[in-house]
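Taking it in order: structure first as structure tokens, then the write-up.
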Amino acid sequence: MKRTIIVMVIVALLCSAGLMANGVSEGTPIVTLRFEQFSGTDSNDSGPALKEMIAAFEAKNPNIKVELQTIGYDDYFTQLQSKVVGGNASDVFELNFENFVSYASEGALADIDKMVGDTAGFNQTALGAFKYDGIQYGVPCSFSNVVLFYNKALFDKAGIAYPTDDWTWTDMEKAGKAIRALGNDIYGLYRPTTFHEFYKGVKQNGGALMTEDGKAFTMTLVQNVETLERMVGWQNDSNIMPTEAQMGGMGDWDLFKSGRLGMIVTGIWGFSDFTTGCSFDWDIIVEPGNTQHASHFFANGYVVSATSKHQKEAAMLASFLGGSREAAQIRVKANWELPPVNYEDILASYLQITPPENREAVFKSLDYLVTPPVVKQQAEMQDIIGGYLSQVVYKKMDAKSALEACQAELEAKITL
Amino acid sequence: MNFGNEKMIDSGRRGWRRALPFLLPSLIGMVLFAYLPILISLFLSFTSWSGISRISLTHGFFKFVHENFLGLQNYQEIIRSSEFWTVLSHNFYFIVLYLPLMLVFSLTCAVIINSKTKGSGIYRVIFYIPVLTSWVAAALIWKWFLSFEYGPINNILSFFGIEGPLWLQSETLAMPSIVLASVWKDMGFYGMIFYGGLKGIDPTYYEAAQIDGASRKQLFFKVTLPMLSSVTFYVVMLSLINAFQLFPQVMVMAKDAGPNGATQVMVERIYKYAFRFGKMGYATAYSWILFVIIFFFTFIQKRIEKRWVNYDV
């Protein structure tokens, strides 16, 4: 019995050795790429979609194997920084638009200009966002903007007409007040006075936080002061938007899904969550502006580490996941943001998915894209501006003096 | 006589030589992973290093020094900024609330555990469980506990007709809420230290006092507390050092430094500058300033120790 087992083991070993020898002799050596990202998570359809994309890439490139590592957004950049400094960064990793410049300017990324191949399939605005000093350091992988979501049931209950794409702040305020009047714990609008919302808000009011050439801050413009006063007023005066106290620790999406919020300004990445989580009808419109429309542009991209030993293969992977037809199809099917591509048929299939009925607003919003100022000290700048905005929300300072103090601090601390 | 001394020195040296191979593994570990990084961080605090670019001793080190060396500029900037004084005041606010509460509660824990009542062993487990819980898990539980609408604390208050406050969303209550959670988490640990101290008190002191007709209250304040002074000193020193390093509870319970920055503290700033703002040099300077502050307070405590600490147990 013992002898039979030994013989079987030897035969099995010989067979597997034979198979391995066969595999090596047939193809080129296998390249293993480490790939690290945060946006595709198994908590929704995006994680499985990403794995499907990787499988499609591996099927096309049998000599490349991809090791995927997903890390939660909150910890992602802390661990990434340690790995990059320690020379142990993954071959391909994800970066958001705000962090891209810091990494590109510090020499942590490989120039993949010549390695990504044909980039005609990419949306050129999104592709351009991952250029630094004229060099392509990454490719976009997802692309999203912000729209106004509204709860049709609350509009019906308040007896007011549904919003349209040509709405302005005044229309939004009116509707907000009508919905707020429906009940003590029902609110009209959620649009917090944060850096991102404020940045976009001033654009919607014809202002700006920086000069066109990005060489100086312009925090104290009249339009900016007006914007801040109006945004804070939604919360503190008309109270169509709940204060932090009224939120009582509840998340903004949860408030919308609970059916107690008329309108929320948020990203199109909310589609799949709202589709499953809302028991009422909802739809979207292009976000209302005051003097003009302005919509946020968010892009995440894949970059290749400067220390990667397989930069060519890594660039191929990044390019495939971001700009290939196959990957874009998988992304649309999973309702996972907008693929940063130009393929008409795929974008058309994106439009067919409902809700929202007015999915076209996503594309209309692209005509009004604004990008936040990207400077090397991006996060620090946001922290400073956010701090002063909160001083106004908490009634510690008035809008004008807060923006003046903010301008002074930015000039002292942020190098443009 | 001389001969004897030489022999002692010789045997001392030989002892070292023998001990060295046993000490080396941990010594190397300490030097490589503790002392060396501390020294490197001191060097980095004089630079404008981003924390992203690579520094190599063999490749372009002098270029790095030339381009990034700032001297004392980081330290000057920090001390001149109003932000530093604000976060420092938040740290002190935490300490002022936390320290007395923690002392009272941990001593109470120790007294309960030490009492010979039935089931005091169970209390030992109950008080110690929070110590073993990770801060992230504990902070999440407390976040829910203190939730305005769904938290049990406000629900209990509403049962008595009191409208519970906004804990973590209010500027005035955010820090006290964090103090509450911190006391709950730490009292078991310091309680155990106090318990050790209680066990070490010679029962004859109590017997003598009882013969003299001392009441229970007198026993506690005139015998127990003075006899615990050395343990209290140790606990105060340790908890003060830990309190200055307040971090995980702030990060989890009051995300983004709390309402209007009410819970922004030193280590939160260090973390943000190092890992969010790409200013590792500035962050290391911040941590060296924190070190000096902690060192200063520990030193002061050591100096005044003799005035109130009694080691005659």
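Residues in the structure tokens are numbered from 1 in each chain, the chains being A, B, ... in the order shown, and ligands are numbered from 1 in the order shown.
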Region 154-171 of chain A environment, 8 Å, only C-alpha atoms, sequence neighbours closer than 3 positions dropped, as a VMD selection string: chain A and resid 151 174 to 175 178 to 179 182 259 261 to 262 285 to 291 361
task: Could you give me the residues within region 65-311 of chain A that DSSP places in helix (DSSP H, G or I), as a PyMOL selection string?
output: chain A and resi 73-85+97-105+124-128+152-158+169-180+195-204+222-236+244-247+252-257+268-277+311
Residue with the minimum atom-to-atom distance to Asp398 (chain A), picked from A:Leu228, A:Ala348, A:Glu326, A:Glu380 with only C-alpha atoms counted, is A:Leu228
Contacts of Val31 (chain A) at 9 Å or less, counting only C-alpha atoms, minus same-chain residues fewer than 5 places along, as a VMD selection string?
chain A and resid 63 to 66 310 313
CA of Thr284 (chain B) to CA of Ser45 (chain B) measures 4.9 Å
For region 89-91 of chain B, find every residue with an atom within 7 Å (counting only C-alpha atoms), except residues of its own chain fewer than 4 positions away, and show them as JSON, numbers by chain. {"B": [85, 95, 244, 263, 264, 265]}
Write the residues of the selection above to a file with N, CA, C and O atoms, as a PDB file, in the first residue's frame.
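So out06.pdb came out as:
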ATOM      1  N   TRP B  85      -0.807  76.811  18.067  1.00  0.00           N
ATOM      2  CA  TRP B  85      -1.286  77.154  19.412  1.00  0.00           C
ATOM      3  C   TRP B  85      -2.717  76.681  19.617  1.00  0.00           C
ATOM      4  O   TRP B  85      -3.104  76.295  20.711  1.00  0.00           O
ATOM      5  N   ILE B  95      -6.452  67.049  28.084  1.00  0.00           N
ATOM      6  CA  ILE B  95      -5.738  66.567  29.278  1.00  0.00           C
ATOM      7  C   ILE B  95      -6.432  67.022  30.559  1.00  0.00           C
ATOM      8  O   ILE B  95      -6.607  66.241  31.495  1.00  0.00           O
ATOM      9  N   PHE B 244      -0.960  63.293  25.353  1.00  0.00           N
ATOM     10  CA  PHE B 244      -0.405  64.187  24.342  1.00  0.00           C
ATOM     11  C   PHE B 244      -0.411  63.533  22.965  1.00  0.00           C
ATOM     12  O   PHE B 244      -0.417  64.202  21.953  1.00  0.00           O
ATOM     13  N   THR B 263     -11.688  69.239  17.412  1.00  0.00           N
ATOM     14  CA  THR B 263     -10.877  68.155  17.985  1.00  0.00           C
ATOM     15  C   THR B 263      -9.566  67.975  17.216  1.00  0.00           C
ATOM     16  O   THR B 263      -8.999  66.901  17.190  1.00  0.00           O
ATOM     17  N   GLN B 264      -9.114  69.069  16.633  1.00  0.00           N
ATOM     18  CA  GLN B 264      -7.835  69.006  15.919  1.00  0.00           C
ATOM     19  C   GLN B 264      -6.693  68.999  16.941  1.00  0.00           C
ATOM     20  O   GLN B 264      -6.579  69.937  17.723  1.00  0.00           O
ATOM     21  N   VAL B 265      -5.901  67.940  16.954  1.00  0.00           N
ATOM     22  CA  VAL B 265      -4.830  67.837  17.947  1.00  0.00           C
ATOM     23  C   VAL B 265      -3.475  67.610  17.264  1.00  0.00           C
ATOM     24  O   VAL B 265      -3.405  67.423  16.054  1.00  0.00           O
TER      25      VAL B 265
END
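Taking CA of Met280 (chain B) as the reference point, CA of Phe94 (chain B) is found at 26.0 Å.
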Residues of chain B no more than 6 Å from chain A, counting only C-alpha atoms: send them over as a PDB file with C-alpha atoms, in the first residue's frame.
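As a result, result10.pdb now contains:
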ATOM      1  CA  ILE B  52       7.244  61.025  -1.747  1.00  0.00           C
ATOM      2  CA  SER B  53      10.594  61.467  -3.515  1.00  0.00           C
ATOM      3  CA  ARG B  54      13.262  58.901  -2.724  1.00  0.00           C
ATOM      4  CA  PHE B 148     -27.957  62.048  18.287  1.00  0.00           C
ATOM      5  CA  GLN B 169     -21.452  67.217  16.062  1.00  0.00           C
ATOM      6  CA  ASN B 260     -15.100  73.430  12.972  1.00  0.00           C
ATOM      7  CA  PHE B 275       0.625  61.677   4.676  1.00  0.00           C
ATOM      8  CA  PHE B 277      -0.133  67.311   2.523  1.00  0.00           C
TER       9      PHE B 277
END
Check: What's the 9 Å shell around region 72-80 of chain B, counting only C-alpha atoms, without same-chain residues fewer than 3 positions away, as a ChimeraX atom specification?
Finding: /B:45-48,83-85,281-283,285-286,289
Write to file, as an mmCIF file, in the first residue's frame, the residues of the selection just made, with N, CA and C atoms.
data_model
loop_
_atom_site.group_PDB
_atom_site.id
_atom_site.type_symbol
_atom_site.label_atom_id
_atom_site.label_comp_id
_atom_site.auth_asym_id
_atom_site.auth_seq_id
_atom_site.Cartn_x
_atom_site.Cartn_y
_atom_site.Cartn_z
ATOM 1 N N SER B 45 13.662 66.876 9.866
ATOM 2 C CA SER B 45 12.898 68.027 10.352
ATOM 3 C C SER B 45 13.547 69.350 9.938
ATOM 4 N N PHE B 46 14.779 69.280 9.467
ATOM 5 C CA PHE B 46 15.447 70.500 8.985
ATOM 6 C C PHE B 46 15.341 70.629 7.465
ATOM 7 N N THR B 47 14.539 69.757 6.851
ATOM 8 C CA THR B 47 14.442 69.783 5.391
ATOM 9 C C THR B 47 13.005 70.021 4.944
ATOM 10 N N SER B 48 12.865 70.202 3.636
ATOM 11 C CA SER B 48 11.520 70.373 3.075
ATOM 12 C C SER B 48 11.094 69.099 2.348
ATOM 13 N N GLU B 83 -2.207 78.074 14.066
ATOM 14 C CA GLU B 83 -2.713 76.696 14.093
ATOM 15 C C GLU B 83 -2.052 75.875 15.213
ATOM 16 N N PHE B 84 -0.737 76.043 15.363
ATOM 17 C CA PHE B 84 -0.010 75.275 16.376
ATOM 18 C C PHE B 84 -0.570 75.534 17.766
ATOM 19 N N TRP B 85 -0.807 76.811 18.067
ATOM 20 C CA TRP B 85 -1.286 77.154 19.412
ATOM 21 C C TRP B 85 -2.717 76.681 19.617
ATOM 22 N N GLY B 281 8.921 66.806 6.054
ATOM 23 C CA GLY B 281 9.889 67.575 6.843
ATOM 24 C C GLY B 281 9.181 68.386 7.921
ATOM 25 N N TYR B 282 8.135 69.056 7.533
ATOM 26 C CA TYR B 282 7.344 69.884 8.446
ATOM 27 C C TYR B 282 6.726 69.003 9.538
ATOM 28 N N ALA B 283 6.224 67.815 9.122
ATOM 29 C CA ALA B 283 5.592 66.896 10.074
ATOM 30 C C ALA B 283 6.601 66.386 11.098
ATOM 31 N N ALA B 285 9.247 67.960 12.084
ATOM 32 C CA ALA B 285 9.534 69.074 12.996
ATOM 33 C C ALA B 285 8.416 69.179 14.041
ATOM 34 N N TYR B 286 7.184 69.001 13.590
ATOM 35 C CA TYR B 286 6.027 69.014 14.493
ATOM 36 C C TYR B 286 6.196 67.932 15.557
ATOM 37 N N ILE B 289 8.751 68.840 18.139
ATOM 38 C CA ILE B 289 8.208 69.836 19.090
ATOM 39 C C ILE B 289 7.333 69.118 20.122
#
Can you tell me, as a ChimeraX atom specification, which residues in region 129-319 of chain A count as strand (DSSP E or B) by DSSP?
/A:131-132,135-136,138-151,168,187-190,210,217,261-267,282-285,289,295-305
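Picture a line from CA of Thr133 (chain B) to CA of Val267 (chain B); it runs 21.0 Å.
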Might you pull out every residue within 12 Å of Phe296 (chain B), with only C-alpha atoms counted and same-chain residues fewer than 5 positions away left off, and present them as a PyMOL selection string? chain B and resi 237+240-241+289-291+301-303
Keeping only N, CA, C and O atoms, write the selected residues to a file as an mmCIF file, in the first residue's frame.
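Here's the written file result_21.cif:
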data_model
loop_
_atom_site.group_PDB
_atom_site.id
_atom_site.type_symbol
_atom_site.label_atom_id
_atom_site.label_comp_id
_atom_site.auth_asym_id
_atom_site.auth_seq_id
_atom_site.Cartn_x
_atom_site.Cartn_y
_atom_site.Cartn_z
ATOM 1 N N MET B 237 2.089 60.234 35.065
ATOM 2 C CA MET B 237 3.137 60.451 34.073
ATOM 3 C C MET B 237 2.806 59.707 32.783
ATOM 4 O O MET B 237 2.855 60.259 31.686
ATOM 5 N N LEU B 240 -0.267 61.126 30.992
ATOM 6 C CA LEU B 240 -0.001 62.431 30.388
ATOM 7 C C LEU B 240 0.737 62.260 29.059
ATOM 8 O O LEU B 240 0.405 62.887 28.051
ATOM 9 N N ILE B 241 1.712 61.363 29.060
ATOM 10 C CA ILE B 241 2.459 61.096 27.819
ATOM 11 C C ILE B 241 1.488 60.572 26.755
ATOM 12 O O ILE B 241 1.494 61.022 25.614
ATOM 13 N N ILE B 289 8.751 68.840 18.139
ATOM 14 C CA ILE B 289 8.208 69.836 19.090
ATOM 15 C C ILE B 289 7.333 69.118 20.122
ATOM 16 O O ILE B 289 7.420 69.382 21.321
ATOM 17 N N LEU B 290 6.536 68.166 19.645
ATOM 18 C CA LEU B 290 5.694 67.390 20.566
ATOM 19 C C LEU B 290 6.567 66.643 21.569
ATOM 20 O O LEU B 290 6.271 66.587 22.762
ATOM 21 N N PHE B 291 7.675 66.094 21.066
ATOM 22 C CA PHE B 291 8.596 65.381 21.953
ATOM 23 C C PHE B 291 9.128 66.317 23.044
ATOM 24 O O PHE B 291 9.157 65.967 24.224
ATOM 25 N N GLN B 301 7.396 66.994 36.216
ATOM 26 C CA GLN B 301 6.783 66.047 37.151
ATOM 27 C C GLN B 301 7.844 65.363 38.000
ATOM 28 O O GLN B 301 7.683 65.191 39.197
ATOM 29 N N LYS B 302 8.927 64.980 37.341
ATOM 30 C CA LYS B 302 10.010 64.315 38.074
ATOM 31 C C LYS B 302 10.572 65.244 39.152
ATOM 32 O O LYS B 302 10.909 64.825 40.248
ATOM 33 N N ARG B 303 10.669 66.535 38.803
ATOM 34 C CA ARG B 303 11.242 67.501 39.738
ATOM 35 C C ARG B 303 10.359 67.691 40.968
ATOM 36 O O ARG B 303 10.854 67.839 42.082
#
Nearest-residue call for Leu107 (chain B), choices B:Trp144, B:Phe64, B:Tyr206, B:Phe189, using only C-alpha atoms: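 Smallest separation from Leu107 (chain B) among the options: B:Phe189.
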Q.
Using only C-alpha atoms, can you tell me which of B:Gly261, B:Pro176, B:Gly278, B:Pro21 comes closest to Ile384 (chain A)?
A.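 Once distances to Ile384 (chain A) are computed over only C-alpha atoms, the minimum belongs to B:Gly261.
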Among B:Ala138, B:Leu225, B:Ala274, B:Ile300, Pro248 (chain B) is approached most closely, using only C-alpha atoms, by B:Ala138
